[in-house]
>>> print(open('protein_5.tsv').read())   # TSV, C-alpha atoms and all ligand atoms
chain	number	residue	atom	x	y	z
L	9	MET	CA	0.00	0.00	0.00
L	10	VAL	CA	1.20	3.53	-0.77
L	11	ILE	CA	1.93	5.54	2.38
L	12	ILE	CA	1.72	9.24	1.67
L	13	CYS	CA	1.89	12.41	3.74
L	14	ALA	CA	0.40	15.73	2.60
L	15	LEU	CA	2.22	18.79	3.95
L	16	GLY	CA	1.02	22.39	3.89
L	17	ALA	CA	-2.02	24.40	4.85
L	18	ALA	CA	-5.06	23.48	6.92
L	19	SER	CA	-7.88	25.96	6.98
L	20	GLN	CA	-11.41	26.73	8.10
L	21	ASP	CA	-13.30	27.98	5.05
L	22	VAL	CA	-16.53	29.96	5.10
L	23	PHE	CA	-18.36	30.26	1.78
L	24	LEU	CA	-20.74	33.16	1.25
L	25	SER	CA	-22.91	33.48	-1.84
L	26	GLY	CA	-26.03	35.22	-3.02
L	27	LYS	CA	-27.15	38.13	-5.15
L	28	GLY	CA	-25.12	40.63	-3.14
L	29	ILE	CA	-21.94	38.87	-4.26
L	30	SER	CA	-21.48	39.32	-7.98
L	31	SER	CA	-18.72	40.28	-10.39
L	32	GLN	CA	-18.45	43.07	-12.96
L	33	LEU	CA	-16.01	43.76	-15.74
L	34	ASP	CA	-13.72	46.59	-14.64
L	35	ALA	CA	-13.23	48.90	-17.62
L	36	SER	CA	-9.80	50.19	-16.63
L	37	SER	CA	-8.14	46.80	-16.04
L	38	ASN	CA	-10.43	44.72	-18.31
L	39	GLU	CA	-10.64	42.16	-15.51
L	40	TYR	CA	-13.62	40.88	-13.57
L	41	VAL	CA	-13.82	42.28	-10.05
L	42	GLU	CA	-15.97	41.73	-6.99
L	43	GLU	CA	-16.39	45.09	-5.30
L	44	PHE	CA	-18.45	46.45	-2.44
L	45	LYS	CA	-19.41	50.00	-1.63
L	46	LEU	CA	-17.89	51.13	1.64
L	47	GLY	CA	-20.58	51.26	4.27
L	48	ALA	CA	-22.96	49.00	2.34
L	49	LYS	CA	-24.85	46.16	3.97
L	50	LEU	CA	-25.27	43.37	1.44
L	51	ASN	CA	-27.47	40.35	1.91
L	52	VAL	CA	-25.86	36.94	1.69
L	53	GLU	CA	-28.23	34.06	1.00
L	54	HIS	CA	-26.02	31.05	1.65
L	55	VAL	CA	-23.40	30.37	4.31
L	56	LEU	CA	-21.45	27.14	4.33
L	57	PHE	CA	-18.66	26.09	6.67
L	58	ALA	CA	-16.14	23.58	5.32
L	59	THR	CA	-12.53	22.75	5.91
L	60	GLY	CA	-9.81	23.49	3.40
L	61	GLY	CA	-6.13	24.14	2.97
L	62	GLY	CA	-4.29	22.37	0.16
L	63	ALA	CA	-2.69	19.70	2.34
L	64	THR	CA	-5.90	18.61	4.04
L	65	ASN	CA	-7.74	18.55	0.70
L	66	ALA	CA	-5.00	16.40	-0.81
L	67	ALA	CA	-4.91	14.07	2.20
L	68	VAL	CA	-8.65	13.43	1.78
L	69	THR	CA	-8.18	12.50	-1.90
L	70	PHE	CA	-5.43	10.07	-0.90
L	71	SER	CA	-7.50	8.49	1.86
L	72	ARG	CA	-10.67	8.19	-0.25
L	73	GLN	CA	-8.54	6.52	-2.95
L	74	GLY	CA	-7.36	3.84	-0.54
L	75	LEU	CA	-3.87	5.17	0.21
L	76	GLU	CA	-2.58	5.34	3.78
L	77	ALA	CA	-2.76	9.13	4.23
L	78	SER	CA	-1.30	11.54	6.77
L	79	PHE	CA	-1.38	15.30	7.18
L	80	ILE	CA	1.43	17.43	8.57
L	81	GLY	CA	0.93	21.15	8.95
L	82	ARG	CA	0.30	23.91	11.44
L	83	VAL	CA	-2.91	24.88	13.21
L	84	GLY	CA	-3.76	27.10	16.16
L	85	LYS	CA	-5.17	25.95	19.48
L	86	ASP	CA	-8.66	27.07	18.51
L	87	ILE	CA	-12.07	25.84	17.39
L	88	ALA	CA	-11.14	26.07	13.71
L	89	GLY	CA	-8.09	23.87	14.23
L	90	HIS	CA	-10.16	21.37	16.17
L	91	GLY	CA	-12.73	21.33	13.35
L	92	VAL	CA	-10.16	20.66	10.64
L	93	LEU	CA	-8.53	17.84	12.57
L	94	SER	CA	-11.80	16.15	13.47
L	95	GLU	CA	-12.83	16.19	9.82
L	96	LEU	CA	-9.52	14.56	8.90
L	97	ASP	CA	-10.09	11.93	11.60
L	98	LYS	CA	-13.46	11.11	10.05
L	99	GLU	CA	-11.71	10.73	6.69
L	100	HIS	CA	-9.17	8.28	8.20
L	101	VAL	CA	-6.26	10.69	7.73
L	102	ASP	CA	-3.53	10.40	10.36
L	103	THR	CA	-3.05	13.78	12.06
L	104	SER	CA	-0.73	12.68	14.87
L	105	LYS	CA	2.14	14.87	13.63
L	106	THR	CA	0.14	18.12	13.48
L	107	ILE	CA	2.09	21.14	14.76
L	108	TYR	CA	0.23	23.49	17.13
L	109	ASP	CA	1.01	27.19	17.25
L	110	GLU	CA	0.77	28.61	20.75
L	111	VAL	CA	-0.08	32.12	19.58
L	112	LEU	CA	-1.41	32.26	16.02
L	113	GLY	CA	-4.81	30.98	15.00
L	114	THR	CA	-5.70	28.38	12.38
L	115	GLN	CA	-5.86	29.65	8.80
L	116	TYR	CA	-9.31	31.12	8.15
L	117	SER	CA	-10.66	31.91	4.69
L	118	THR	CA	-13.79	33.84	3.80
L	119	ILE	CA	-14.73	32.92	0.23
L	120	LEU	CA	-17.05	35.19	-1.72
L	121	VAL	CA	-18.53	32.98	-4.44
L	122	THR	CA	-20.27	34.49	-7.48
L	123	GLU	CA	-23.00	32.83	-9.54
L	124	SER	CA	-20.40	31.61	-12.07
L	125	GLY	CA	-18.51	29.70	-9.35
L	126	GLU	CA	-15.54	32.08	-9.45
L	127	ARG	CA	-14.50	33.52	-6.12
L	128	THR	CA	-12.47	36.04	-4.17
L	129	ILE	CA	-10.84	34.73	-1.00
L	130	LEU	CA	-10.02	36.79	2.09
L	131	VAL	CA	-7.42	34.76	3.91
L	132	TYR	CA	-5.95	34.98	7.38
L	133	ARG	CA	-2.96	32.63	7.14
L	134	GLY	CA	-2.06	32.62	10.84
L	135	ALA	CA	-0.38	29.40	11.94
L	136	ALA	CA	-0.17	28.08	8.36
L	137	GLN	CA	2.56	30.51	7.38
L	138	ALA	CA	4.77	30.24	10.45
L	139	HIS	CA	6.66	27.03	9.65
L	140	THR	CA	10.13	26.87	11.21
L	141	ALA	CA	13.01	24.62	10.18
L	142	LYS	CA	13.43	23.40	13.75
L	143	GLU	CA	9.99	21.85	14.06
L	144	TYR	CA	10.55	19.82	10.88
L	145	GLU	CA	13.98	18.65	12.03
L	146	GLU	CA	12.20	16.81	14.82
L	147	ILE	CA	9.71	14.96	12.62
L	148	ASP	CA	10.38	11.36	11.59
L	149	PHE	CA	9.40	11.00	7.92
L	150	LYS	CA	10.84	7.51	7.40
L	151	SER	CA	7.56	5.62	7.29
L	152	TYR	CA	6.32	7.52	4.21
L	153	GLY	CA	6.83	6.40	0.63
L	154	TRP	CA	5.66	9.73	-0.77
L	155	LEU	CA	5.32	13.35	0.35
L	156	TYR	CA	2.80	15.68	-1.32
L	157	VAL	CA	4.05	19.18	-0.56
L	158	SER	CA	1.71	22.17	-1.16
L	159	SER	CA	1.64	25.85	-0.04
L	160	PHE	CA	4.24	26.48	2.64
L	161	GLY	CA	3.95	30.23	3.16
L	162	GLY	CA	7.40	30.79	1.63
L	163	ALA	CA	9.13	28.92	4.49
L	164	TYR	CA	12.09	27.73	2.42
L	165	GLU	CA	14.21	26.85	5.46
L	166	ALA	CA	11.56	24.37	6.57
L	167	LEU	CA	11.17	23.05	3.02
L	168	ASP	CA	14.93	22.48	2.80
L	169	ILE	CA	14.80	20.30	5.91
L	170	ILE	CA	11.81	18.32	4.62
L	171	PHE	CA	13.32	17.75	1.18
L	172	ASP	CA	16.64	16.69	2.78
L	173	HIS	CA	14.86	14.16	5.01
L	174	ALA	CA	13.06	12.79	1.96
L	175	LYS	CA	16.22	12.50	-0.09
L	176	LYS	CA	18.10	10.68	2.68
L	177	SER	CA	15.26	8.18	3.17
L	178	GLY	CA	14.45	7.65	-0.53
L	179	ILE	CA	11.00	9.22	-0.18
L	180	LYS	CA	9.44	10.54	-3.40
L	181	ILE	CA	8.15	14.10	-3.51
L	182	ALA	CA	5.22	15.55	-5.43
L	183	PHE	CA	5.27	19.35	-5.25
L	184	ASN	CA	2.42	21.82	-5.83
L	185	PRO	CA	3.99	25.05	-4.55
L	186	GLY	CA	1.92	27.99	-3.35
L	187	GLN	CA	2.16	31.65	-4.32
L	188	ALA	CA	4.71	32.46	-1.60
L	189	GLU	CA	7.06	29.77	-2.94
L	190	LEU	CA	6.51	30.91	-6.53
L	191	ASP	CA	7.37	34.50	-5.55
L	192	GLN	CA	10.97	33.27	-5.16
L	193	PRO	CA	11.52	31.18	-8.31
L	194	GLU	CA	15.28	30.81	-7.80
L	195	LEU	CA	14.78	29.23	-4.37
L	196	LEU	CA	12.06	27.07	-5.86
L	197	LYS	CA	14.36	25.80	-8.59
L	198	GLY	CA	16.90	24.89	-5.91
L	199	LEU	CA	14.41	22.38	-4.48
L	200	LEU	CA	13.39	20.78	-7.74
L	201	GLU	CA	16.27	18.33	-8.03
L	202	ASP	CA	14.61	16.23	-5.31
L	203	VAL	CA	11.12	16.40	-6.85
L	204	GLU	CA	9.58	13.54	-8.81
L	205	VAL	CA	6.29	15.19	-9.86
L	206	LEU	CA	5.83	18.96	-10.22
L	207	LEU	CA	2.27	20.24	-10.54
L	208	LEU	CA	1.63	23.84	-11.61
L	209	ASN	CA	-1.09	25.75	-13.39
L	210	LYS	CA	-0.13	27.56	-16.58
L	211	ASP	CA	0.38	30.99	-14.99
L	212	GLU	CA	2.52	29.46	-12.24
L	213	ALA	CA	4.62	27.47	-14.71
L	214	ALA	CA	5.36	30.71	-16.58
L	215	LEU	CA	6.94	32.08	-13.38
L	216	VAL	CA	9.42	29.19	-13.34
L	217	VAL	CA	10.30	28.60	-16.99
L	218	GLU	CA	9.87	30.29	-20.38
L	219	GLY	CA	7.06	29.28	-22.66
L	220	SER	CA	3.69	30.35	-23.98
L	221	SER	CA	1.71	27.12	-24.40
L	222	SER	CA	1.15	24.54	-21.65
L	223	GLU	CA	3.08	22.06	-23.77
L	224	GLU	CA	6.10	24.32	-24.10
L	225	LEU	CA	6.03	25.07	-20.37
L	226	ALA	CA	5.78	21.36	-19.45
L	227	HIS	CA	8.62	20.59	-21.84
L	228	HIS	CA	10.87	23.18	-20.17
L	229	LEU	CA	9.96	21.98	-16.68
L	230	LEU	CA	11.48	18.61	-17.59
L	231	HIS	CA	14.90	20.28	-17.27
L	232	TYR	CA	14.21	20.21	-13.52
L	233	VAL	CA	11.92	17.24	-12.77
L	234	PRO	CA	11.11	13.78	-14.21
L	235	VAL	CA	7.34	14.40	-14.40
L	236	ALA	CA	5.81	17.81	-15.16
L	237	VAL	CA	2.09	18.58	-15.13
L	238	VAL	CA	0.64	21.92	-16.27
L	239	SER	CA	-3.10	22.57	-15.81
L	240	ASP	CA	-5.10	25.35	-17.40
L	241	GLY	CA	-8.54	25.34	-15.78
L	242	PRO	CA	-11.32	24.36	-18.17
L	243	ASN	CA	-8.81	24.30	-21.06
L	244	GLY	CA	-7.32	21.06	-19.76
L	245	VAL	CA	-3.92	19.69	-18.87
L	246	VAL	CA	-0.55	18.75	-20.35
L	247	ALA	CA	1.56	16.13	-18.57
L	248	THR	CA	4.86	14.60	-19.60
L	249	ASP	CA	7.54	12.28	-18.26
L	250	GLY	CA	9.92	12.79	-21.16
L	251	LYS	CA	8.81	9.53	-22.82
L	252	THR	CA	5.22	10.36	-23.54
L	253	ILE	CA	3.18	13.55	-23.58
L	254	ILE	CA	-0.47	13.65	-22.56
L	255	GLU	CA	-2.79	16.40	-23.65
L	256	ALA	CA	-6.22	16.32	-22.05
L	257	GLY	CA	-9.28	18.52	-22.44
L	258	MET	CA	-12.16	18.93	-20.05
L	259	TYR	CA	-13.38	15.78	-18.31
L	260	GLU	CA	-16.95	17.02	-18.42
L	261	ASP	CA	-18.56	20.38	-19.14
L	262	VAL	CA	-20.20	20.76	-15.75
L	263	PRO	CA	-22.01	23.71	-14.17
L	264	VAL	CA	-19.34	25.22	-11.89
L	265	ILE	CA	-20.77	25.90	-8.44
L	266	ASP	CA	-17.50	26.77	-6.67
L	267	ARG	CA	-14.01	26.29	-8.12
L	268	THR	CA	-12.27	26.29	-4.71
L	269	GLY	CA	-10.07	23.21	-4.42
L	270	ALA	CA	-9.96	22.46	-8.17
L	271	GLY	CA	-6.17	22.63	-8.25
L	272	ASP	CA	-5.80	20.53	-5.10
L	273	ALA	CA	-8.20	17.89	-6.40
L	274	PHE	CA	-6.41	17.72	-9.72
L	275	GLY	CA	-2.91	17.53	-8.24
L	276	SER	CA	-3.71	15.05	-5.48
L	277	GLY	CA	-5.88	13.04	-7.87
L	278	PHE	CA	-2.97	12.76	-10.30
L	279	VAL	CA	-0.54	11.75	-7.56
L	280	SER	CA	-2.98	9.25	-5.97
L	281	GLN	CA	-2.83	7.22	-9.19
L	282	TYR	CA	0.76	7.83	-10.26
L	283	ALA	CA	2.06	6.78	-6.83
L	284	GLN	CA	0.17	3.50	-7.22
L	285	GLY	CA	2.06	2.80	-10.45
L	286	LYS	CA	-0.61	3.96	-12.91
L	287	SER	CA	0.46	5.64	-16.17
L	288	ILE	CA	0.55	9.42	-16.45
L	289	LYS	CA	-2.43	9.13	-18.81
L	290	GLU	CA	-4.51	7.32	-16.20
L	291	ALA	CA	-3.31	9.82	-13.59
L	292	VAL	CA	-4.42	12.78	-15.75
L	293	VAL	CA	-7.85	11.25	-16.35
L	294	PHE	CA	-8.40	10.62	-12.64
L	295	GLY	CA	-7.10	14.08	-11.63
L	296	SER	CA	-9.43	15.66	-14.17
L	297	ALA	CA	-12.43	13.64	-12.99
L	298	ASN	CA	-11.64	14.45	-9.34
L	299	SER	CA	-11.31	18.21	-9.93
L	300	THR	CA	-14.38	18.35	-12.16
L	301	SER	CA	-16.38	16.69	-9.41
L	302	VAL	CA	-15.04	19.14	-6.82
L	303	VAL	CA	-16.10	22.25	-8.78
L	304	THR	CA	-19.71	21.05	-8.85
L	305	LYS	CA	-19.96	21.36	-5.04
L	306	PHE	CA	-19.35	24.08	-2.49
L	307	GLY	CA	-16.20	23.41	-0.46
L	308	ALA	CA	-12.92	21.86	-1.50
L	309	LYS	CA	-13.61	18.35	-0.16
L	310	GLU	CA	-17.28	17.53	-0.74
L	311	GLY	CA	-16.81	16.38	-4.35
L	312	ILE	CA	-13.59	14.41	-3.88
L	313	LEU	CA	-14.12	10.99	-5.48
L	314	HIS	CA	-14.24	7.75	-3.52
L	315	GLN	CA	-12.41	4.59	-4.53
L	316	GLY	CA	-14.35	2.57	-7.08
L	317	THR	CA	-16.07	5.53	-8.79
L	318	VAL	CA	-16.48	4.51	-12.43
L	319	LEU	CA	-14.94	7.08	-14.77
L	320	HIS	CA	-16.08	7.79	-18.31
L	321	ASP	CA	-13.90	8.56	-21.34
L	322	MET	CA	-12.57	12.06	-21.85
L	323	PRO	CA	-10.74	13.85	-24.64
L	324	VAL	CA	-7.13	12.83	-24.12
L	325	LYS	CA	-4.30	12.44	-26.61
L	326	GLU	CA	-1.03	10.60	-26.05
L	327	ARG	CA	2.05	11.04	-28.19
L	328	GLU	CA	5.66	10.02	-27.96
L	329	PHE	CA	7.74	12.81	-26.52
R	401	LIG	N1	-14.66	25.21	-15.14
R	401	LIG	C1	-14.19	23.96	-15.03
R	401	LIG	N2	-14.91	22.93	-15.51
R	401	LIG	C2	-14.43	21.67	-15.41
R	401	LIG	N3	-13.26	21.34	-14.82
R	401	LIG	C3	-12.52	22.33	-14.33
R	401	LIG	C4	-12.95	23.70	-14.39
R	401	LIG	N4	-11.99	24.47	-13.82
R	401	LIG	C5	-11.02	23.62	-13.41
R	401	LIG	N5	-11.32	22.35	-13.71
R	401	LIG	C6	-10.50	21.16	-13.45
R	401	LIG	O1	-9.59	21.47	-12.41
R	401	LIG	C7	-8.24	21.30	-12.85
R	401	LIG	C8	-7.33	22.28	-12.16
R	401	LIG	O2	-7.79	23.58	-12.42
R	401	LIG	P1	-6.78	24.82	-12.59
R	401	LIG	O3	-5.88	24.57	-13.75
R	401	LIG	O4	-7.63	26.03	-12.61
R	401	LIG	O5	-5.92	24.68	-11.27
R	401	LIG	P2	-5.37	25.80	-10.27
R	401	LIG	O6	-5.23	27.09	-11.01
R	401	LIG	O7	-4.17	25.23	-9.61
R	401	LIG	O8	-6.56	25.90	-9.26
R	401	LIG	P3	-6.52	26.49	-7.77
R	401	LIG	O9	-6.89	27.92	-7.94
R	401	LIG	O10	-7.58	25.66	-7.10
R	401	LIG	O11	-5.15	26.25	-7.22
R	401	LIG	C9	-8.33	21.44	-14.35
R	401	LIG	O12	-7.26	20.76	-14.97
R	401	LIG	C10	-9.67	20.81	-14.67
R	401	LIG	O13	-9.56	19.40	-14.73
R	402	MG	MG	-3.25	25.62	-7.73
>>> encode(input="protein_5.tsv", output="structure tokens", more="lines below")
Ligand SMILES: Nc1ncnc2c1ncn2[C@@H]1O[C@H](COP(=O)(O)OP(=O)(O)OP(=O)(O)O)[C@@H](O)[C@H]1O
Ligand SMILES: [Mg+2]
Amino acid sequence: MVIICALGAASQDVFLSGKGISSQLDASSNEYVEEFKLGAKLNVEHVLFATGGGATNAAVTFSRQGLEASFIGRVGKDIAGHGVLSELDKEHVDTSKTIYDEVLGTQYSTILVTESGERTILVYRGAAQAHTAKEYEEIDFKSYGWLYVSSFGGAYEALDIIFDHAKKSGIKIAFNPGQAELDQPELLKGLLEDVEVLLLNKDEAALVVEGSSSEELAHHLLHYVPVAVVSDGPNGVVATDGKTIIEAGMYEDVPVIDRTGAGDAFGSGFVSQYAQGKSIKEAVVFGSANSTSVVTKFGAKEGILHQGTVLHDMPVKEREF
């Protein structure tokens, strides 16, 4: 059985939606914005509490897919932290190595969801961005076969320790870095020699390597890692291991209710299959199905697929590299 640990953020998410929360095209930037008049009181029709944070979302994919899953990350000593951990317990994710912050609270996100399923997130990162190298020096990683590393709040000293541990023990790493890691691309590149699978969306990939198409970006990422995966929302995914290149479209044209967690579901879905020895094609199809299911539900975990879900065909092409 594959033993995998997801590292990164744990969060309490609150989703608000309703007519008061809508987007408009901003003429000066030509981008969609959600904006509120100062002093306004806007009615919200739906409130939903759910847990999130990339590492907990990934751990739930792994567990529901029959892997032995753990979570390591930081929470506060508060109700939100308790809520996240009890949800992980219910999902059979091992949380025994959770790090508690004595001062900072658990990450807390307020997610303003529009009718199209797009969203703006107000995020208090709290404990989730206070990783120190020392606390990771003390953790025993040896029992894991894989690490799935997601947003780490730019804590490169802690990441160095984790990646060193993994290298020494022959543990494979899948990496889906967060914005704070991507803000320092040179430090990021320094970590990539120990990474087996790198998962980025197209905009993120363009911060690391040159390229305009997903294919070109994936191709260039192979200078750093054996397996590169570049996703581009509803436009699909390119994945390559240098032997074969997979180009996939949309798994299903679904009504998007809330796109929160799409990237986590795709990345962890891909890794849940690849780590079990499936081909990168099978991994792309499962990641796509998992993320497509997640965007049809509020919350980042609700739609995560259970083991045994029958998948249908999707547009996917495979070529020799
Ligand atoms: N509108 C959509 N309809 C169907 N599937 C979608 C849609 N948006 C995203 N997905 C699925 O989710 C996957 C990941 O989405 P995306 O490339 O936007 O990741 P991301 O930018 O990392 O997301 P996140 O903001 O959650 O980190 C896509 O490859 C696709 O399979
Ligand atoms: Mg992402």
>>> residues_near_ligand(input="protein_5.tsv", ligand="ligand MG 402 (chain R)", cutoff="10 Å", atoms="all atoms listed in the file", output="PDB file with C-alpha atoms, in the frame of the given file")
ATOM      1  CA  GLY L  62      -4.290  22.370   0.160  1.00  0.00           C
ATOM      2  CA  SER L 158       1.710  22.170  -1.160  1.00  0.00           C
ATOM      3  CA  SER L 159       1.640  25.850  -0.040  1.00  0.00           C
ATOM      4  CA  ASN L 184       2.420  21.820  -5.830  1.00  0.00           C
ATOM      5  CA  PRO L 185       3.990  25.050  -4.550  1.00  0.00           C
ATOM      6  CA  GLY L 186       1.920  27.990  -3.350  1.00  0.00           C
ATOM      7  CA  GLN L 187       2.160  31.650  -4.320  1.00  0.00           C
ATOM      8  CA  LEU L 207       2.270  20.240 -10.540  1.00  0.00           C
ATOM      9  CA  LEU L 208       1.630  23.840 -11.610  1.00  0.00           C
ATOM     10  CA  ASN L 209      -1.090  25.750 -13.390  1.00  0.00           C
ATOM     11  CA  LYS L 210      -0.130  27.560 -16.580  1.00  0.00           C
ATOM     12  CA  ASP L 211       0.380  30.990 -14.990  1.00  0.00           C
ATOM     13  CA  GLU L 212       2.520  29.460 -12.240  1.00  0.00           C
ATOM     14  CA  SER L 239      -3.100  22.570 -15.810  1.00  0.00           C
ATOM     15  CA  ASP L 240      -5.100  25.350 -17.400  1.00  0.00           C
ATOM     16  CA  GLY L 241      -8.540  25.340 -15.780  1.00  0.00           C
ATOM     17  CA  THR L 268     -12.270  26.290  -4.710  1.00  0.00           C
ATOM     18  CA  GLY L 269     -10.070  23.210  -4.420  1.00  0.00           C
ATOM     19  CA  ALA L 270      -9.960  22.460  -8.170  1.00  0.00           C
ATOM     20  CA  GLY L 271      -6.170  22.630  -8.250  1.00  0.00           C
ATOM     21  CA  ASP L 272      -5.800  20.530  -5.100  1.00  0.00           C
ATOM     22  CA  ALA L 273      -8.200  17.890  -6.400  1.00  0.00           C
ATOM     23  CA  PHE L 274      -6.410  17.720  -9.720  1.00  0.00           C
ATOM     24  CA  GLY L 275      -2.910  17.530  -8.240  1.00  0.00           C
TER      25      GLY L 275
END
>>> closest_atom_pairs(input="protein_5.tsv", of="segment 86-116 of chain L", to="segment 140-144 of chain L", cutoff="12 Å", atoms="only C-alpha atoms", output="Markdown table")
| residue | atom | partner | partner_atom | distance |
| --- | --- | --- | --- | --- |
| L:Lys105 | CA | L:Tyr144 | CA | 10.1 |
| L:Thr106 | CA | L:Glu143 | CA | 10.5 |
| L:Ile107 | CA | L:Glu143 | CA | 8.0 |
| L:Tyr108 | CA | L:Glu143 | CA | 10.4 |
| L:Asp109 | CA | L:Glu143 | CA | 10.9 |
>>> residues_around(input="protein_5.tsv", residues="Ser301 of chain L", least_positions_apart="2", cutoff="12 Å", atoms="all atoms listed in the file", output="PDB file with C-alpha atoms, keeping the file's coordinate frame")
ATOM      1  CA  THR L  69      -8.180  12.500  -1.900  1.00  0.00           C
ATOM      2  CA  MET L 258     -12.160  18.930 -20.050  1.00  0.00           C
ATOM      3  CA  TYR L 259     -13.380  15.780 -18.310  1.00  0.00           C
ATOM      4  CA  GLU L 260     -16.950  17.020 -18.420  1.00  0.00           C
ATOM      5  CA  ASP L 261     -18.560  20.380 -19.140  1.00  0.00           C
ATOM      6  CA  VAL L 262     -20.200  20.760 -15.750  1.00  0.00           C
ATOM      7  CA  PRO L 263     -22.010  23.710 -14.170  1.00  0.00           C
ATOM      8  CA  VAL L 264     -19.340  25.220 -11.890  1.00  0.00           C
ATOM      9  CA  ILE L 265     -20.770  25.900  -8.440  1.00  0.00           C
ATOM     10  CA  ASP L 266     -17.500  26.770  -6.670  1.00  0.00           C
ATOM     11  CA  ARG L 267     -14.010  26.290  -8.120  1.00  0.00           C
ATOM     12  CA  THR L 268     -12.270  26.290  -4.710  1.00  0.00           C
ATOM     13  CA  GLY L 269     -10.070  23.210  -4.420  1.00  0.00           C
ATOM     14  CA  ALA L 270      -9.960  22.460  -8.170  1.00  0.00           C
ATOM     15  CA  GLY L 271      -6.170  22.630  -8.250  1.00  0.00           C
ATOM     16  CA  ALA L 273      -8.200  17.890  -6.400  1.00  0.00           C
ATOM     17  CA  PHE L 274      -6.410  17.720  -9.720  1.00  0.00           C
ATOM     18  CA  GLY L 277      -5.880  13.040  -7.870  1.00  0.00           C
ATOM     19  CA  PHE L 294      -8.400  10.620 -12.640  1.00  0.00           C
ATOM     20  CA  GLY L 295      -7.100  14.080 -11.630  1.00  0.00           C
ATOM     21  CA  SER L 296      -9.430  15.660 -14.170  1.00  0.00           C
ATOM     22  CA  ALA L 297     -12.430  13.640 -12.990  1.00  0.00           C
ATOM     23  CA  ASN L 298     -11.640  14.450  -9.340  1.00  0.00           C
ATOM     24  CA  SER L 299     -11.310  18.210  -9.930  1.00  0.00           C
ATOM     25  CA  VAL L 303     -16.100  22.250  -8.780  1.00  0.00           C
ATOM     26  CA  THR L 304     -19.710  21.050  -8.850  1.00  0.00           C
ATOM     27  CA  LYS L 305     -19.960  21.360  -5.040  1.00  0.00           C
ATOM     28  CA  PHE L 306     -19.350  24.080  -2.490  1.00  0.00           C
ATOM     29  CA  GLY L 307     -16.200  23.410  -0.460  1.00  0.00           C
ATOM     30  CA  ALA L 308     -12.920  21.860  -1.500  1.00  0.00           C
ATOM     31  CA  LYS L 309     -13.610  18.350  -0.160  1.00  0.00           C
ATOM     32  CA  GLU L 310     -17.280  17.530  -0.740  1.00  0.00           C
ATOM     33  CA  GLY L 311     -16.810  16.380  -4.350  1.00  0.00           C
ATOM     34  CA  ILE L 312     -13.590  14.410  -3.880  1.00  0.00           C
ATOM     35  CA  LEU L 313     -14.120  10.990  -5.480  1.00  0.00           C
ATOM     36  CA  HIS L 314     -14.240   7.750  -3.520  1.00  0.00           C
ATOM     37  CA  THR L 317     -16.070   5.530  -8.790  1.00  0.00           C
ATOM     38  CA  LEU L 319     -14.940   7.080 -14.770  1.00  0.00           C
TER      39      LEU L 319
END
>>> atom_distance(input="protein_5.tsv", atom1="atom CA of Phe171 of chain L", atom2="atom CA of Trp154 of chain L")
11.3 Å
>>> atom_distance(input="protein_5.tsv", atom1="atom O1 of ligand LIG 401 (chain R)", atom2="atom CA of Val233 of chain L")
21.9 Å
>>> residues_around(input="protein_5.tsv", residues="His90 of chain L", least_positions_apart="2", cutoff="12 Å", atoms="only C-alpha atoms", output="PyMOL selection string")
chain L and resi 18-20+59+82-88+92-97+103+106+108+113-115
>>> residues_around(input="protein_5.tsv", residues="segment 281-293 of chain L", least_positions_apart="6", cutoff="8 Å", atoms="all atoms listed in the file", output="MDAnalysis selection string")
chainID L and resid 10 154 245 247:249 254 256 259 322 324 326
>>> atom_distance(input="protein_5.tsv", atom1="atom CA of Gln137 of chain L", atom2="atom CA of Leu24 of chain L")
24.2 Å
>>> residues_around(input="protein_5.tsv", residues="Leu130 of chain L", least_positions_apart="6", cutoff="7 Å", atoms="all atoms listed in the file", output="JSON, numbers by chain")
{"L": [117, 118, 119]}
>>> residues_around(input="protein_5.tsv", residues="Lys251 of chain L", least_positions_apart="5", cutoff="9 Å", atoms="all atoms listed in the file", output="list in words")
Arg327, Glu328 and Phe329 of chain L
>>> axis_aligned_box(input="protein_5.tsv", around="ligand LIG 401 (chain R)", padding_each_side="3 Å", output="AutoDock Vina command-line options")
--center_x -9.5 --center_y 23.7 --center_z -11.3 --size_x 16.7 --size_y 14.5 --size_z 14.4
>>> closest_residue(input="protein_5.tsv", among="L:Ala14, L:Ala48, L:Ile170, L:Val55", to="Val101 of chain L", atoms="all atoms listed in the file")
L:Ala14
>>> closest_residue(input="protein_5.tsv", among="L:Gly178, L:Gly81, L:Gly91, L:Gly125", to="Lys150 of chain L", atoms="all atoms listed in the file")
L:Gly178
>>> closest_residue(input="protein_5.tsv", among="L:Glu189, L:Glu194, L:Glu223, L:Asp172", to="Val237 of chain L", atoms="only C-alpha atoms")
L:Glu223
>>> decode(input="protein_5.tsv", residues="segment 105-109 of chain L", atoms="N, CA and C atoms", output="mmCIF file, in the first residue's frame")
data_model
loop_
_atom_site.group_PDB
_atom_site.id
_atom_site.type_symbol
_atom_site.label_atom_id
_atom_site.label_comp_id
_atom_site.auth_asym_id
_atom_site.auth_seq_id
_atom_site.Cartn_x
_atom_site.Cartn_y
_atom_site.Cartn_z
ATOM 1 N N LYS L 105 0.949 14.013 13.667
ATOM 2 C CA LYS L 105 2.139 14.873 13.626
ATOM 3 C C LYS L 105 1.806 16.347 13.411
ATOM 4 N N THR L 106 0.552 16.719 13.620
ATOM 5 C CA THR L 106 0.143 18.124 13.481
ATOM 6 C C THR L 106 0.968 19.004 14.425
ATOM 7 N N ILE L 107 1.335 20.186 13.940
ATOM 8 C CA ILE L 107 2.091 21.140 14.764
ATOM 9 C C ILE L 107 1.118 22.229 15.247
ATOM 10 N N TYR L 108 1.124 22.472 16.550
ATOM 11 C CA TYR L 108 0.233 23.489 17.130
ATOM 12 C C TYR L 108 0.988 24.776 17.399
ATOM 13 N N ASP L 109 0.430 25.891 16.945
ATOM 14 C CA ASP L 109 1.009 27.194 17.251
ATOM 15 C C ASP L 109 0.394 27.684 18.568
#
